[in-house]
Each structure stands twice: as structure tokens, then as C-alpha cells.
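Chemist: Right, I'll just put the structure down here and ask away after.
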Amino acid sequence: MSTDTRGGGPAEGPSKGQITLVHLYPREMSIYGDLGNTRALATRMRRHGYDVQVHDHHPGADFPAGAHIVVGGGGQDSGQARVKEDLERIGSMLRALAQDGVPMLMVCGMYQLFGHDFVTVDGKHLPGLGILDVTTKGNDKRMIGPVLLRTVHGEVVGYENHSGSTVLATGQPPLGIVAYGNGNNGKDGTEGAIAHRVHGTYLHGPILPANPALADALIGFAVDRALTTPFEPAELDDTYADQARKAQVRRLMRAASRKARGRR
Amino acid sequence: MLARLRGGGSALPGLVVERIDPQFLDHALADISEVVVVSGTNGKTTTTRMLVAVLRAHGKKVVTNPTGSNFTRGVISALLGEAPANGRIAADMAVLELDEAHALRFVAVVAPTRALLLNVARDQLDRFAEIDYTADLLRRLARTARLGVVLNRDDSFIARIAREMQVDVRYFGVHPEMADRLPELQEADVRFEDESAAPELGAQDGLLRPEELQPDGTQRFTVEFAAGGHVGPVQLRQRGLAAMINATAAATMARSLLGSEFNAATAAEALSSVAPPFGRGEVIDLGGRTLELVLVKNPAGFTVALGAYGSTPVATMIAINDNTADGRDVSWLYDVSFASLAQRGVSIVSGQRAYDMALRLEYDQVSTDRVIPELEPALDAFLAAHPGQPLRIFCTYTAMMSLRRVLAARYDLSAFGEEGQE
């Protein structure tokens, strides 16, 4: 069976239908292994029995019609500058897709761009798409390190590396509550944001391979969007993913309790 | 007290002197006419070794920091062992491998005569945070070189530094005819279409021209200079294209330093005799069979390592730790393709992030026989699983140090230094 390098290709076993995944700016905004999210989604969808087409969207290109799920990653400041113009061009389309229930996963830099303004350290306002009701401010201090979250999909582990400090507007739900790490801003204990089916987060790792419950939730939404029949998950062997996640949970809980003891 | 702190290759004595006398370096190096700094993400240790070997083969007295201790205090530690009573080192040249961030601290005290800049790749992003930032560090480093710089022509982050240089600029690179091999070495996804094309070639630039790859995985090459004085053919003791590029960088800088004294045959012989640094393809004799330790620390390096060894699949173990010296974020494993391991599979996966590695391999349809997070039991299982066969371990820095400690105790290996840590 032939699959592409990003995990796309025909379903394993009889096909239950086709799903189109669009990866936004894989060249400019994919610095911390975020390609792994695309690979995890596409591979799991195929293992669940769906044909998967992965479409890379580059600046200046036509945005493909019929996206069932959209993924974006983190980049350097220069990468963000390069995609800004294109994001303005396709912004209204992305807003419409989001309101229409298309699931999206936006990590780090793309999470920030999916919010309202990004306010730089020297006070400049860079407008975002405003799909997520969040605002980000540049910080002098970077928030770097492993993260453990509690979410509706259970424990989620990852790694954060951001200088932007993000604040949720009143009523904007987070993706999860921080059990270890900084999260949105290092202060209010929230991490990420969810609006419609758009999930924003600072978690690299990449986030999806070690957190298959979150991956399958997004896949369920994509199936809803693509097909008339509901998501029928196959039984996948997630032993390695579960062990990897549990090992991190154990380490981070130990580190958290050491910190707590130190404070007393 | 200082005498007792000398030697050993650790950064501790350097730390002490850095605190007591920050001008130590300037004083110690004052009588040396050429001070060369080697920096960049990948290949610093190998290139430094090669350059020193070529210069010494030409009869030069060269001081260097041979332990891979590439932070400022590591350099001081290395030089303490050389300094006589008056503190001024008598040598013709100093060739110093410097970590990208610490290089600027070093040049603030000692202005180098020349800089050799290798590449900019994603490495330890939790320390440097951004590639653009690392590139800027190297640009600032280059500007402190008083006589000349040697730059990587094929790395646009490095090549573009030439624009603002007032001193002699030479390039090293691969011959344009084989430029198609470059993407496997580079950070393709952060390069853009509007990047400027590779700079024009000058007569003093060194170009790598590899010969045919032999069935046993060996490959000879020549470094060509338009001005004449080709070095080679050379057969390195270290495998892979990356090592050949390092040799090209070293030959180009040596030629710049030695001028008319440069002898191509001497250089070729010196390059062919350089032993791989610890953990960079080091081969350990386990009494009748060999074990190769291959250090991997970033996507470009791991990809190069897999490419270098892909043609000769042997029993393989991978050990991934995520301590500070390894890089705490393991996301980068998803920017490496492990497909070349699919046919044979991986015997043992180990380290603090063993399950993350096994999961990563699963996505590339590479099977893993066993996952054993603790290193020593993993090593035992690996040795037991493949009696009489050659073995290879790809490992991150602290995993390599732990494994090598175990192996050293069992197989009587020579002592080795640790890289300086903050």
C-alpha cells in the first residue's frame, strides 16, 4: 500500500469514505516536529478505515475546497511574518469553515494567529483572525518546558516553547487545565482554547501522537464533516502512545509534588 | 591550586578561573599569532580535530580544546593545561571549538583572527529558541574575525554573512554537480524560495567532490581549489557525507592559515588519519565484535547519521534521553525519517523517552523488538540478543555518556571528557 510521507493514502481494510486534511504552511510553520500531528491524524484515519488525502497549503496558493480538517503548527517570528499576508487573504474562508464546524488544530504560532491581536513587546498590534477569543502579548521571558494538562480527553502531555503570553476572554473555554508547566500565560492555570471545533494550544511534542484520545476526537469531528455515517473507530493498538504518555505523567507529577514540597 | 585543577577535560577548572580572572584567556593567548574559532550547529568537534591534525602535520604547534568542552570555561580548562608559569602559551596557532552562544562571550575577551562557520540547524531550541537567533549569533561572531572567515557556501544562513564582511572571505561546499545530495543535510523546511542563490565561486574556495560509494560503505573524495592544490583522494576513518564536508571545511581553513606553506599531500594524509571523536561513529571493540556509538542530537544530525549508515544495516539500538544536554523537547524526532530502518527493524529502544521513540518508529512502520527504558539493562539485552554480530547504538548525549561509562568499565576503554554544561 502506498502512503505519502505525511501519512496520507488509502484506508487500511475496506474504505469507509474519504477525508481531506489540509496542513497550513508546512514550510514556514512547522519547526517543532508539528508535522507529526499531520502524520498522526492521517495515519490514524487510515487505520480507522478512511482514505486520507493530505493537502499542503503554501502562501499564495488556492485554498483547497472541501477541507474536512485543518492543521497548523509553530514557526519562528520570520515564518509568522511570511504567512501573515496569506492568512489575511484566506482568513474569511477559515472563519467560515470554523463556524461551520470544521475541526482544526492550531499549535503555538498558528494558535496565536487564530486569536485576536498579538501585541508585541514594543506595543505594536498585529491583527489575528479572531476565531479564538484570545489575545496574546509578547513577553521578555520565554515559557519553556514539559507540560501536563487535564482535559475532557483525559491527561494530555506535551512541550511548550513560547514567549507570547495568551489570555482568554471571559467565557472562552481553554483546551485544558495545567497540572504542570505554564500553559497560556503561566498565571491562570489555563492552556489553549476551543471555539466551535477549533483547538488552539501551545503544546508541541508533537501533541497528537502521544495523546490519541485527542487525535481521535478531532478525527470524529472530521468524519462528521466529511461523511453522512458517524465515526466508527477501529481498535488501534495504542500501547506505545499510552506508555509514553504515562511515563511523562509520572515524571511530571513527581516534579510537581517536589515543587509543592519546596514551597511549604 | 590551579595546577591541581588542570587536565581531565572537565569544565570545572575553567569555571574557577573564569570567576577569578576573566582576562586569563586574553593573556594566555597573547603570544599566539593565529586564533581560529570553529562554530556552527553540527560538526564542530570533528572539524576542529581535522583542522588541528592538518596544521600539526605541517609542523605547527597548535593548542586546542580537544575534549569537546566548547563553552568558554571549557576552553579555559583546556588551555590551563598548556599555560607555563608566566601564563602565556607558546604556540603558533590556537584552534578552538566554540558553542554558538558562548562564542560571543569568548570573542568579547579574545578577538580571533579567523572564524570557520559550519551550519545552522535546529538544535537545543529550548536553549537558543530560534534558528534565526542562532544565525544572528554566528553573524556577530564572524564580524569579530580580524583577518578572514571561511563560510559554508551551501548553508544560506551562513553564506549570507559574507555580505557584511570586510575581511578575506572563502567558502567551502560541495561541488555544484552533486548539489542534489544537500537537502538531506539541511533544514529544508525553513529555507524559502526567495533565498539568494549560492554565492559565486572564488579561486580559494574548497569544493568537495566525492568518488563512487563502495559496496562496503566507504567512499573517497577530493577537495578541489580552482587556484590549484587539490587535496585527495582521501579516505576518512569516519563515514558519511557530513564528515567529508567537515574535512572540506578544515582543508579550506588550513589553506587560508598556511598560505604558501600548505602542502596538499600532507593535508590529505593528516585527514585520513583522524580518528572519529567519541560517540561520533566511534567503534568500540567488544572482543571479537564491534559496537558503534553514534551521537544524535538534532534532526539534521540524526538524518545524516541514518544516511551514513543506512547502506549497511546492522543490529540497532536507539537511546533517547531528554536531560538539558540532550535537549528537553523530543518533538524533533518527528522531523527525522526512520524509513531506512524499516527493513531490519530496531532491536532495542531505551532512555527516558524510550516509549516516545518506539511510538515515533511505529509511525514510520519500523518495528521495535523491545522497549527497555533503563540504559544498562537495555545494553545487556542488546548484547545478548545478537551474539557475534556487529552492533550500532544511536544515542543522545547523556545516554551516550551513561552507555560509554558502562562500556568503559567492562571493556577497559580510554578516558574521555564531558562537554561543558551550564
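Ligands are numbered from 1 in the order shown, chains are lettered A, B, ... in the order of the C-alpha cells, and residues start at 1 in each chain.
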Determine which residues of region 155-249 of chain A DSSP labels as alpha helix (DSSP H) from the backbone of this structure, then write them out as a list in words.
Modeler: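 For region 155-249 of chain A, the alpha helix (DSSP H) set is Pro212, Ala213, Leu214, Ala215, Asp216, Ala217, Leu218, Ile219, Gly220, Phe221, Ala222, Val223, Asp224, Arg225, Ala226, Thr239, Tyr240, Ala241, Asp242, Gln243, Ala244, Arg245, Lys246, Ala247, Gln248 and Val249 of chain A.
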Chemist: Would you write out, as JSON lines, a table of all residues in chain A that have an atom no more than 8 Å from an atom of chain B, listing for each the closest atom pair and the distance in Å to one decimal, considering only C-alpha atoms and ordering rows by chain and rising residue number?
Modeler:
```
{"residue": "A:Pro26", "atom": "CA", "partner": "B:Asp189", "partner_atom": "CA", "distance": 7.5}
{"residue": "A:Arg27", "atom": "CA", "partner": "B:Asp189", "partner_atom": "CA", "distance": 4.6}
{"residue": "A:Glu28", "atom": "CA", "partner": "B:Val190", "partner_atom": "CA", "distance": 6.2}
{"residue": "A:Ser30", "atom": "CA", "partner": "B:Asp189", "partner_atom": "CA", "distance": 7.6}
{"residue": "A:Ile31", "atom": "CA", "partner": "B:Val190", "partner_atom": "CA", "distance": 7.8}
{"residue": "A:Tyr32", "atom": "CA", "partner": "B:Ser331", "partner_atom": "CA", "distance": 5.6}
{"residue": "A:Gly33", "atom": "CA", "partner": "B:Ser331", "partner_atom": "CA", "distance": 4.8}
{"residue": "A:Asp34", "atom": "CA", "partner": "B:Ser331", "partner_atom": "CA", "distance": 7.5}
{"residue": "A:Leu35", "atom": "CA", "partner": "B:Tyr334", "partner_atom": "CA", "distance": 6.9}
{"residue": "A:Gly36", "atom": "CA", "partner": "B:Tyr334", "partner_atom": "CA", "distance": 5.4}
{"residue": "A:Arg39", "atom": "CA", "partner": "B:Tyr363", "partner_atom": "CA", "distance": 7.6}
{"residue": "A:Ala40", "atom": "CA", "partner": "B:Tyr363", "partner_atom": "CA", "distance": 7.5}
{"residue": "A:Thr43", "atom": "CA", "partner": "B:Tyr363", "partner_atom": "CA", "distance": 7.5}
{"residue": "A:Gln76", "atom": "CA", "partner": "B:Glu130", "partner_atom": "CA", "distance": 6.3}
{"residue": "A:Ser78", "atom": "CA", "partner": "B:Asp132", "partner_atom": "CA", "distance": 7.8}
{"residue": "A:Ile144", "atom": "CA", "partner": "B:Asp126", "partner_atom": "CA", "distance": 6.5}
{"residue": "A:Gly145", "atom": "CA", "partner": "B:Arg328", "partner_atom": "CA", "distance": 7.2}
{"residue": "A:Pro146", "atom": "CA", "partner": "B:Asp329", "partner_atom": "CA", "distance": 7.5}
{"residue": "A:Tyr159", "atom": "CA", "partner": "B:Asp329", "partner_atom": "CA", "distance": 6.3}
{"residue": "A:Asn161", "atom": "CA", "partner": "B:Asp126", "partner_atom": "CA", "distance": 6.9}
{"residue": "A:His204", "atom": "CA", "partner": "B:Ser331", "partner_atom": "CA", "distance": 6.6}
{"residue": "A:Gly205", "atom": "CA", "partner": "B:Ser331", "partner_atom": "CA", "distance": 4.4}
{"residue": "A:Pro206", "atom": "CA", "partner": "B:Ser331", "partner_atom": "CA", "distance": 5.4}
{"residue": "A:Pro209", "atom": "CA", "partner": "B:Leu359", "partner_atom": "CA", "distance": 7.5}
{"residue": "A:Ala210", "atom": "CA", "partner": "B:Asp356", "partner_atom": "CA", "distance": 7.3}
{"residue": "A:Tyr240", "atom": "CA", "partner": "B:Leu359", "partner_atom": "CA", "distance": 5.3}
{"residue": "A:Ala241", "atom": "CA", "partner": "B:Leu359", "partner_atom": "CA", "distance": 6.0}
{"residue": "A:Gln243", "atom": "CA", "partner": "B:Tyr355", "partner_atom": "CA", "distance": 6.1}
{"residue": "A:Ala244", "atom": "CA", "partner": "B:Tyr355", "partner_atom": "CA", "distance": 4.6}
```
Chemist: Set the distance at 8 Å and use only C-alpha atoms: which residues neighbour Ala135 (chain B) once local chain neighbours fewer than 5 positions away are removed? I'd like the list as number ranges by chain.
Modeler: B: 120, 157-158
Chemist: Excluding region 211-227 of chain A and residues on its chain fewer than 4 positions from it, collect all residues at most 8 Å away from it, counting only C-alpha atoms, and give them as a ChimeraX atom specification.
Modeler: /A:17-19,40-41,44-45,68-69,101-104,153-154,156-157,197,207,231,238,241-242,245
Chemist: Limited to N, CA, C and O atoms, could you put the picked residues into a file as an mmCIF file, in the first residue's frame?
Modeler:
```
data_model
loop_
_atom_site.group_PDB
_atom_site.id
_atom_site.type_symbol
_atom_site.label_atom_id
_atom_site.label_comp_id
_atom_site.auth_asym_id
_atom_site.auth_seq_id
_atom_site.Cartn_x
_atom_site.Cartn_y
_atom_site.Cartn_z
ATOM 1 N N GLY A 17 -14.818 5.747 3.537
ATOM 2 C CA GLY A 17 -15.006 7.068 2.931
ATOM 3 C C GLY A 17 -13.707 7.841 2.922
ATOM 4 O O GLY A 17 -12.695 7.373 3.443
ATOM 5 N N GLN A 18 -13.747 9.018 2.275
ATOM 6 C CA GLN A 18 -12.511 9.798 2.152
ATOM 7 C C GLN A 18 -12.528 11.079 2.974
ATOM 8 O O GLN A 18 -13.541 11.767 3.059
ATOM 9 N N ILE A 19 -11.398 11.390 3.562
ATOM 10 C CA ILE A 19 -11.243 12.606 4.360
ATOM 11 C C ILE A 19 -10.073 13.415 3.816
ATOM 12 O O ILE A 19 -9.016 12.871 3.514
ATOM 13 N N ALA A 40 0.188 11.832 12.495
ATOM 14 C CA ALA A 40 -0.628 11.066 13.449
ATOM 15 C C ALA A 40 -2.084 11.026 13.003
ATOM 16 O O ALA A 40 -2.714 9.964 13.001
ATOM 17 N N LEU A 41 -2.626 12.174 12.606
ATOM 18 C CA LEU A 41 -4.028 12.214 12.170
ATOM 19 C C LEU A 41 -4.240 11.354 10.939
ATOM 20 O O LEU A 41 -5.150 10.519 10.890
ATOM 21 N N ARG A 44 -3.757 7.582 11.674
ATOM 22 C CA ARG A 44 -4.859 7.030 12.473
ATOM 23 C C ARG A 44 -6.141 6.954 11.651
ATOM 24 O O ARG A 44 -6.898 5.979 11.753
ATOM 25 N N MET A 45 -6.388 7.946 10.833
ATOM 26 C CA MET A 45 -7.595 7.904 9.998
ATOM 27 C C MET A 45 -7.552 6.710 9.049
ATOM 28 O O MET A 45 -8.539 6.008 8.872
ATOM 29 N N HIS A 68 -11.811 18.860 5.340
ATOM 30 C CA HIS A 68 -12.579 18.278 6.438
ATOM 31 C C HIS A 68 -11.898 18.475 7.778
ATOM 32 O O HIS A 68 -12.524 18.332 8.830
ATOM 33 N N ILE A 69 -10.603 18.747 7.744
ATOM 34 C CA ILE A 69 -9.859 19.022 8.977
ATOM 35 C C ILE A 69 -8.627 19.842 8.598
ATOM 36 O O ILE A 69 -8.024 19.609 7.543
ATOM 37 N N GLY A 101 -18.102 24.298 11.632
ATOM 38 C CA GLY A 101 -17.812 23.068 12.367
ATOM 39 C C GLY A 101 -16.651 22.250 11.866
ATOM 40 O O GLY A 101 -16.479 21.089 12.280
ATOM 41 N N VAL A 102 -15.816 22.813 11.001
ATOM 42 C CA VAL A 102 -14.628 22.068 10.560
ATOM 43 C C VAL A 102 -13.627 22.014 11.723
ATOM 44 O O VAL A 102 -13.274 23.051 12.282
ATOM 45 N N PRO A 103 -13.178 20.802 12.118
ATOM 46 C CA PRO A 103 -12.211 20.729 13.202
ATOM 47 C C PRO A 103 -10.848 21.251 12.755
ATOM 48 O O PRO A 103 -10.459 21.069 11.606
ATOM 49 N N MET A 104 -10.191 21.929 13.685
ATOM 50 C CA MET A 104 -8.850 22.447 13.383
ATOM 51 C C MET A 104 -7.984 22.285 14.621
ATOM 52 O O MET A 104 -8.478 22.360 15.747
ATOM 53 N N HIS A 153 -10.421 15.062 27.283
ATOM 54 C CA HIS A 153 -9.899 13.847 26.652
ATOM 55 C C HIS A 153 -8.917 13.132 27.578
ATOM 56 O O HIS A 153 -8.147 12.292 27.131
ATOM 57 N N GLY A 154 -8.919 13.471 28.844
ATOM 58 C CA GLY A 154 -8.001 12.849 29.795
ATOM 59 C C GLY A 154 -6.722 13.653 29.922
ATOM 60 O O GLY A 154 -6.659 14.830 29.531
ATOM 61 N N VAL A 156 -3.208 15.051 29.033
ATOM 62 C CA VAL A 156 -2.534 15.366 27.774
ATOM 63 C C VAL A 156 -1.137 15.873 28.115
ATOM 64 O O VAL A 156 -0.987 16.745 28.981
ATOM 65 N N VAL A 157 -0.109 15.309 27.455
ATOM 66 C CA VAL A 157 1.263 15.749 27.697
ATOM 67 C C VAL A 157 1.841 16.399 26.447
ATOM 68 O O VAL A 157 1.399 16.124 25.324
ATOM 69 N N ARG A 197 -15.126 23.924 16.706
ATOM 70 C CA ARG A 197 -14.296 22.733 16.850
ATOM 71 C C ARG A 197 -12.830 23.057 16.582
ATOM 72 O O ARG A 197 -12.032 22.181 16.228
ATOM 73 N N ILE A 207 1.859 17.142 19.778
ATOM 74 C CA ILE A 207 0.826 16.835 20.760
ATOM 75 C C ILE A 207 0.047 15.553 20.442
ATOM 76 O O ILE A 207 -0.276 14.777 21.344
ATOM 77 N N PHE A 231 -18.642 8.408 12.910
ATOM 78 C CA PHE A 231 -17.292 7.857 13.087
ATOM 79 C C PHE A 231 -17.375 6.454 13.686
ATOM 80 O O PHE A 231 -17.973 6.261 14.737
ATOM 81 N N ASP A 238 -2.654 1.188 20.936
ATOM 82 C CA ASP A 238 -2.019 2.430 21.392
ATOM 83 C C ASP A 238 -1.058 2.190 22.554
ATOM 84 O O ASP A 238 -0.820 3.092 23.358
ATOM 85 N N ALA A 241 1.886 4.704 22.665
ATOM 86 C CA ALA A 241 1.415 6.061 22.975
ATOM 87 C C ALA A 241 1.020 6.157 24.444
ATOM 88 O O ALA A 241 1.372 7.120 25.140
ATOM 89 N N ASP A 242 0.309 5.145 24.925
ATOM 90 C CA ASP A 242 -0.148 5.175 26.316
ATOM 91 C C ASP A 242 1.041 5.110 27.278
ATOM 92 O O ASP A 242 1.077 5.816 28.289
ATOM 93 N N ARG A 245 2.884 8.466 27.249
ATOM 94 C CA ARG A 245 2.150 9.492 27.992
ATOM 95 C C ARG A 245 2.230 9.230 29.494
ATOM 96 O O ARG A 245 2.491 10.134 30.284
#
```
Chemist: May I have the residues within 9 Å of Met244 (chain B) as a PyMOL selection string, using only C-alpha atoms and disregarding those fewer than 5 positions away in the same chain?
Modeler: chain B and resi 208+210+220-221+236+238-239+249
Chemist: Calculated over only C-alpha atoms, which of the candidates B:Thr368, B:Thr48, B:Ser350, B:Gln343 has the smallest distance to Ser402 (chain B)?
Modeler: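 The closest residue to Ser402 (chain B) is B:Ser350.
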Chemist: I want to know what sits within 12 Å of Gly181 (chain A), based on only C-alpha atoms, with residues of the same chain fewer than 3 positions away left out; could you give that as a short mmCIF file (atom, residue, chain, number, x, y, z; two decimals) with all heavy atoms, in the first residue's frame?
Modeler:
```cif
data_model
loop_
_atom_site.label_atom_id
_atom_site.label_comp_id
_atom_site.auth_asym_id
_atom_site.auth_seq_id
_atom_site.Cartn_x
_atom_site.Cartn_y
_atom_site.Cartn_z
N MET A 143 8.43 30.88 27.91
CA MET A 143 7.90 29.80 28.74
C MET A 143 8.26 28.50 28.04
O MET A 143 7.74 28.19 26.97
CB MET A 143 6.40 29.96 28.89
CG MET A 143 6.04 31.18 29.75
SD MET A 143 4.27 31.51 29.83
CE MET A 143 4.17 32.96 28.80
N ILE A 144 9.19 27.77 28.65
CA ILE A 144 9.76 26.59 28.01
C ILE A 144 9.72 25.42 28.97
O ILE A 144 10.09 25.57 30.13
CB ILE A 144 11.23 26.84 27.59
CG1 ILE A 144 11.33 28.07 26.69
CG2 ILE A 144 11.81 25.63 26.88
CD1 ILE A 144 12.74 28.37 26.20
N GLY A 145 9.28 24.27 28.50
CA GLY A 145 9.38 23.08 29.33
C GLY A 145 8.24 22.10 29.08
O GLY A 145 7.32 22.38 28.31
N PRO A 146 8.31 20.95 29.73
CA PRO A 146 7.26 19.95 29.56
C PRO A 146 5.96 20.40 30.24
O PRO A 146 6.00 21.17 31.19
CB PRO A 146 7.83 18.71 30.25
CG PRO A 146 8.87 19.21 31.19
CD PRO A 146 9.39 20.49 30.62
N VAL A 147 4.85 19.91 29.70
CA VAL A 147 3.53 20.32 30.19
C VAL A 147 2.65 19.09 30.40
O VAL A 147 2.72 18.12 29.64
CB VAL A 147 2.82 21.25 29.16
CG1 VAL A 147 1.48 21.74 29.70
CG2 VAL A 147 3.70 22.43 28.81
N LEU A 148 1.84 19.15 31.45
CA LEU A 148 0.80 18.14 31.68
C LEU A 148 -0.53 18.87 31.87
O LEU A 148 -0.62 19.79 32.68
CB LEU A 148 1.14 17.31 32.93
CG LEU A 148 0.03 16.40 33.48
CD1 LEU A 148 -0.40 15.36 32.44
CD2 LEU A 148 0.49 15.70 34.76
N LEU A 149 -1.52 18.45 31.09
CA LEU A 149 -2.85 19.08 31.16
C LEU A 149 -3.89 18.06 31.57
O LEU A 149 -3.77 16.87 31.29
CB LEU A 149 -3.26 19.60 29.77
CG LEU A 149 -2.36 20.56 29.03
CD1 LEU A 149 -3.03 20.93 27.70
CD2 LEU A 149 -2.12 21.80 29.88
N ARG A 150 -4.94 18.56 32.21
CA ARG A 150 -6.16 17.76 32.36
C ARG A 150 -7.20 18.33 31.41
O ARG A 150 -7.47 19.52 31.42
CB ARG A 150 -6.66 17.82 33.80
CG ARG A 150 -5.59 17.40 34.78
CD ARG A 150 -6.13 16.92 36.11
NE ARG A 150 -5.05 16.81 37.09
CZ ARG A 150 -4.12 15.87 37.08
NH1 ARG A 150 -4.13 14.93 36.14
NH2 ARG A 150 -3.17 15.84 37.99
N VAL A 156 -3.21 15.05 29.03
CA VAL A 156 -2.53 15.37 27.77
C VAL A 156 -1.14 15.87 28.11
O VAL A 156 -0.99 16.74 28.98
CB VAL A 156 -3.33 16.43 26.97
CG1 VAL A 156 -2.48 17.01 25.85
CG2 VAL A 156 -4.61 15.83 26.41
N VAL A 157 -0.11 15.31 27.45
CA VAL A 157 1.26 15.75 27.70
C VAL A 157 1.84 16.40 26.45
O VAL A 157 1.40 16.12 25.32
CB VAL A 157 2.19 14.58 28.13
CG1 VAL A 157 1.75 14.01 29.46
CG2 VAL A 157 2.22 13.49 27.05
N GLY A 158 2.80 17.29 26.65
CA GLY A 158 3.45 17.95 25.52
C GLY A 158 4.60 18.81 26.01
O GLY A 158 5.04 18.65 27.15
N TYR A 159 5.04 19.70 25.15
CA TYR A 159 6.19 20.55 25.47
C TYR A 159 5.90 21.94 24.94
O TYR A 159 5.51 22.11 23.78
CB TYR A 159 7.45 19.99 24.80
CG TYR A 159 8.71 20.59 25.35
CD1 TYR A 159 9.39 19.98 26.40
CD2 TYR A 159 9.22 21.77 24.83
CE1 TYR A 159 10.54 20.53 26.92
CE2 TYR A 159 10.37 22.33 25.35
CZ TYR A 159 11.03 21.71 26.39
OH TYR A 159 12.17 22.26 26.92
N GLU A 160 6.06 22.94 25.79
CA GLU A 160 5.79 24.32 25.36
C GLU A 160 7.08 25.09 25.17
O GLU A 160 8.07 24.82 25.84
CB GLU A 160 4.88 25.03 26.36
CG GLU A 160 5.51 25.20 27.74
CD GLU A 160 4.56 25.81 28.76
OE1 GLU A 160 3.64 26.53 28.36
OE2 GLU A 160 4.75 25.55 29.97
N ASN A 161 7.05 26.07 24.27
CA ASN A 161 8.21 26.90 23.98
C ASN A 161 7.71 28.17 23.32
O ASN A 161 7.61 28.25 22.11
CB ASN A 161 9.17 26.13 23.06
CG ASN A 161 10.48 26.87 22.86
OD1 ASN A 161 10.59 28.06 23.17
ND2 ASN A 161 11.47 26.18 22.34
N HIS A 162 7.29 29.12 24.15
CA HIS A 162 6.70 30.34 23.59
C HIS A 162 7.02 31.55 24.46
O HIS A 162 7.16 31.43 25.67
CB HIS A 162 5.18 30.19 23.47
CG HIS A 162 4.48 29.80 24.76
ND1 HIS A 162 3.67 30.68 25.45
CD2 HIS A 162 4.45 28.64 25.48
CE1 HIS A 162 3.18 30.06 26.53
NE2 HIS A 162 3.64 28.83 26.58
N GLY A 176 -7.41 22.89 28.21
CA GLY A 176 -7.19 22.10 29.42
C GLY A 176 -6.72 22.96 30.57
O GLY A 176 -6.49 24.17 30.43
N ILE A 177 -6.58 22.31 31.72
CA ILE A 177 -6.10 22.96 32.93
C ILE A 177 -4.69 22.44 33.20
O ILE A 177 -4.45 21.24 33.11
CB ILE A 177 -7.04 22.62 34.12
CG1 ILE A 177 -8.46 23.14 33.83
CG2 ILE A 177 -6.50 23.20 35.43
CD1 ILE A 177 -8.56 24.63 33.58
N VAL A 178 -3.78 23.35 33.51
CA VAL A 178 -2.37 23.00 33.66
C VAL A 178 -2.13 22.26 34.98
O VAL A 178 -2.44 22.78 36.05
CB VAL A 178 -1.49 24.26 33.61
CG1 VAL A 178 -0.03 23.90 33.86
CG2 VAL A 178 -1.65 24.97 32.29
N ASN A 184 -1.15 28.91 28.96
CA ASN A 184 -1.38 30.13 28.21
C ASN A 184 -0.49 31.29 28.66
O ASN A 184 0.02 32.04 27.85
CB ASN A 184 -2.84 30.56 28.32
CG ASN A 184 -3.73 29.75 27.37
OD1 ASN A 184 -3.29 29.36 26.28
ND2 ASN A 184 -4.96 29.51 27.77
N ASN A 185 -0.35 31.44 29.96
CA ASN A 185 0.35 32.64 30.44
C ASN A 185 1.15 32.41 31.73
O ASN A 185 1.73 33.34 32.26
CB ASN A 185 -0.66 33.76 30.66
CG ASN A 185 -1.87 33.27 31.43
OD1 ASN A 185 -1.72 32.68 32.50
ND2 ASN A 185 -3.07 33.47 30.90
N GLY A 186 1.14 31.19 32.25
CA GLY A 186 1.90 30.91 33.47
C GLY A 186 1.22 31.41 34.73
O GLY A 186 1.79 31.28 35.81
N LYS A 187 0.01 31.98 34.59
CA LYS A 187 -0.63 32.57 35.78
C LYS A 187 -1.99 31.96 36.11
O LYS A 187 -2.26 31.59 37.25
CB LYS A 187 -0.82 34.08 35.57
CG LYS A 187 0.52 34.81 35.46
CD LYS A 187 0.35 36.31 35.60
CE LYS A 187 1.69 37.01 35.46
NZ LYS A 187 1.96 37.41 34.07
N ASP A 188 -2.85 31.85 35.08
CA ASP A 188 -4.24 31.50 35.41
C ASP A 188 -4.54 30.00 35.32
O ASP A 188 -5.68 29.58 35.51
CB ASP A 188 -5.23 32.31 34.57
CG ASP A 188 -5.16 31.97 33.09
OD1 ASP A 188 -4.48 30.97 32.71
OD2 ASP A 188 -5.76 32.70 32.27
N GLY A 189 -3.51 29.19 35.03
CA GLY A 189 -3.71 27.74 35.03
C GLY A 189 -4.45 27.20 33.82
O GLY A 189 -4.75 26.01 33.77
N THR A 190 -4.71 28.03 32.82
CA THR A 190 -5.37 27.54 31.61
C THR A 190 -4.35 27.24 30.52
O THR A 190 -3.25 27.78 30.52
CB THR A 190 -6.36 28.57 31.04
OG1 THR A 190 -5.62 29.71 30.57
CG2 THR A 190 -7.37 29.00 32.10
N GLU A 191 -4.73 26.36 29.61
CA GLU A 191 -3.88 26.09 28.44
C GLU A 191 -4.77 25.96 27.22
O GLU A 191 -5.77 25.25 27.25
CB GLU A 191 -3.06 24.82 28.63
CG GLU A 191 -1.75 24.81 27.83
CD GLU A 191 -1.91 24.81 26.31
OE1 GLU A 191 -2.75 24.03 25.81
OE2 GLU A 191 -1.23 25.59 25.62
N TYR A 202 -0.50 25.55 22.94
CA TYR A 202 0.94 25.78 22.84
C TYR A 202 1.72 24.47 22.81
O TYR A 202 2.94 24.48 22.70
CB TYR A 202 1.43 26.63 24.02
CG TYR A 202 1.22 28.10 23.79
CD1 TYR A 202 0.34 28.85 24.56
CD2 TYR A 202 1.91 28.75 22.77
CE1 TYR A 202 0.16 30.21 24.33
CE2 TYR A 202 1.74 30.10 22.53
CZ TYR A 202 0.86 30.82 23.32
OH TYR A 202 0.68 32.16 23.08
N LEU A 203 1.04 23.35 22.92
CA LEU A 203 1.78 22.09 23.10
C LEU A 203 2.35 21.52 21.81
O LEU A 203 1.63 21.15 20.89
CB LEU A 203 0.88 21.04 23.78
CG LEU A 203 1.00 20.99 25.31
CD1 LEU A 203 0.62 22.33 25.91
CD2 LEU A 203 0.16 19.88 25.88
N VAL A 249 3.54 11.55 32.52
CA VAL A 249 2.64 11.93 33.62
C VAL A 249 3.31 11.62 34.95
O VAL A 249 3.34 12.46 35.86
CB VAL A 249 1.28 11.20 33.50
CG1 VAL A 249 0.45 11.41 34.76
CG2 VAL A 249 0.51 11.70 32.27
N LEU A 252 6.20 14.10 35.60
CA LEU A 252 5.78 15.47 35.85
C LEU A 252 5.02 15.59 37.16
O LEU A 252 5.13 16.60 37.85
CB LEU A 252 4.96 16.01 34.66
CG LEU A 252 5.74 16.04 33.34
CD1 LEU A 252 4.88 16.61 32.22
CD2 LEU A 252 7.02 16.86 33.49
N MET A 253 4.26 14.55 37.53
CA MET A 253 3.57 14.59 38.82
C MET A 253 4.59 14.56 39.96
O MET A 253 4.43 15.25 40.95
CB MET A 253 2.59 13.41 38.94
CG MET A 253 1.37 13.49 38.03
SD MET A 253 0.49 15.07 38.16
CE MET A 253 -0.13 14.94 39.83
N ALA A 255 7.65 15.70 39.74
CA ALA A 255 8.29 17.02 39.75
C ALA A 255 7.36 18.05 40.39
O ALA A 255 7.81 18.91 41.15
CB ALA A 255 8.64 17.43 38.33
N ALA A 256 6.06 17.94 40.11
CA ALA A 256 5.10 18.89 40.68
C ALA A 256 5.04 18.76 42.19
O ALA A 256 4.98 19.75 42.91
CB ALA A 256 3.71 18.68 40.06
N LYS A 259 8.06 20.29 43.77
CA LYS A 259 7.93 21.76 43.81
C LYS A 259 7.03 22.18 44.96
O LYS A 259 7.33 23.11 45.68
CB LYS A 259 7.30 22.26 42.49
CG LYS A 259 8.33 22.68 41.47
CD LYS A 259 7.65 23.39 40.32
CE LYS A 259 8.56 23.49 39.11
NZ LYS A 259 7.84 23.94 37.92
#
```
